[in-house]
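Visitor: First the structure, which I've put down as structure tokens, then a few questions once you've had a look.
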Amino acid sequence: MFVCMCVAVTEGEIRDCIHAGARTVEEVSKLSFACTGCGGCRETIEEMLANGGTLSTASRLCALPWTA
């Protein structure tokens, strides 16, 4: 599933960044370009960082205004 719709970054790609050592949203962004568009995926990436790459099923992927 896509976490960042702006640049088409998937949950797996974010997880790979975290497993490669990314510890902040900015580090994930440098590796994947996620969260460099609208920023709607920031909370999801922060959750994944806090949970070692795991995304809860209650999370919304990319909270763009038109998907709210």
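So you can find residues: chains in the structure tokens are A, B, ... in the order shown, residues in each start at 1, and ligands are numbered from 1 in order.
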Write down as a list in words the residues of chain A whose backbone DSSP state falls under alpha helix (DSSP H).
Guide: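 Those in chain A that DSSP calls alpha helix (DSSP H) are Glu11, Gly12, Glu13, Ile14, Arg15, Asp16, Cys17, Ile18, His19, Val25, Glu26, Glu27, Val28, Ser29, Lys30, Leu31, Ser32, Arg42, Glu43, Thr44, Ile45, Glu46, Glu47, Met48, Leu49 and Ala50 of chain A.
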Visitor: Tell me, as a VMD selection string, which residues lie within 12 Å of Val7 in chain A, counting only C-alpha atoms; anything in the same chain fewer than 5 positions away does not count.
Guide: chain A and resid 2 13 29 32 to 41 62
Visitor: Could you tell me which of A:Ala50, A:Val28, A:Met1, A:Leu55 comes closest to Asp16 in chain A if we count only C-alpha atoms?
Guide: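 With only C-alpha atoms as the atom set, the closest residue is A:Val28.
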Visitor: Counting only C-alpha atoms, what is within 9 Å of His19 in chain A, bar same-chain residues fewer than 3 positions away, as a short mmCIF file (atom, residue, chain, number, x, y, z; two decimals) with C-alpha atoms, in the first residue's frame?
Guide:
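Result file is out.cif:
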data_model
loop_
_atom_site.label_atom_id
_atom_site.label_comp_id
_atom_site.auth_asym_id
_atom_site.auth_seq_id
_atom_site.Cartn_x
_atom_site.Cartn_y
_atom_site.Cartn_z
CA ILE A 14 9.35 3.10 4.25
CA ARG A 15 10.00 -0.08 6.22
CA ASP A 16 13.18 -0.67 4.18
CA ALA A 22 16.48 5.94 9.18
CA GLY A 52 10.06 -0.25 14.16
CA GLY A 53 8.47 -0.20 10.72
#
Visitor: Using the chain letters and numbers from this document, which residues of range 2-55 of chain A does DSSP assign to strand (DSSP E), as a list in words?
Guide: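 Everything in range 2-55 of chain A that counts as strand (DSSP E) is Phe2, Val3, Cys4, Val9 and Thr10 of chain A.
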Visitor: Those residues you just picked out, can you put them in a file as a PDB file, in the first residue's frame with N, CA, C and O atoms?
Guide:
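again_36.pdb written:
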ATOM      1  N   PHE A   2       0.366   2.299  -0.619  1.00  0.00           N
ATOM      2  CA  PHE A   2       1.099   3.551  -0.652  1.00  0.00           C
ATOM      3  C   PHE A   2       0.973   4.282   0.673  1.00  0.00           C
ATOM      4  O   PHE A   2      -0.115   4.395   1.223  1.00  0.00           O
ATOM      5  N   VAL A   3       2.087   4.769   1.171  1.00  0.00           N
ATOM      6  CA  VAL A   3       2.096   5.648   2.332  1.00  0.00           C
ATOM      7  C   VAL A   3       2.103   7.086   1.841  1.00  0.00           C
ATOM      8  O   VAL A   3       1.387   7.931   2.344  1.00  0.00           O
ATOM      9  N   CYS A   4       2.910   7.353   0.831  1.00  0.00           N
ATOM     10  CA  CYS A   4       3.017   8.694   0.255  1.00  0.00           C
ATOM     11  C   CYS A   4       2.515   8.653  -1.184  1.00  0.00           C
ATOM     12  O   CYS A   4       3.176   8.121  -2.070  1.00  0.00           O
ATOM     13  N   VAL A   9       5.374   6.276  -2.711  1.00  0.00           N
ATOM     14  CA  VAL A   9       6.239   5.502  -1.826  1.00  0.00           C
ATOM     15  C   VAL A   9       5.370   4.537  -1.028  1.00  0.00           C
ATOM     16  O   VAL A   9       4.387   4.945  -0.409  1.00  0.00           O
ATOM     17  N   THR A  10       5.745   3.278  -1.052  1.00  0.00           N
ATOM     18  CA  THR A  10       4.947   2.252  -0.398  1.00  0.00           C
ATOM     19  C   THR A  10       5.346   2.034   1.066  1.00  0.00           C
ATOM     20  O   THR A  10       6.425   2.451   1.499  1.00  0.00           O
TER      21      THR A  10
END
Visitor: Find the residue from A:Lys30, A:Met5, A:Ser56, A:Glu43 that sits nearest to Cys17 in chain A; use only C-alpha atoms when measuring.
Guide: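 Looking only at the distances to Cys17 in chain A, the closest residue turns out to be A:Lys30.
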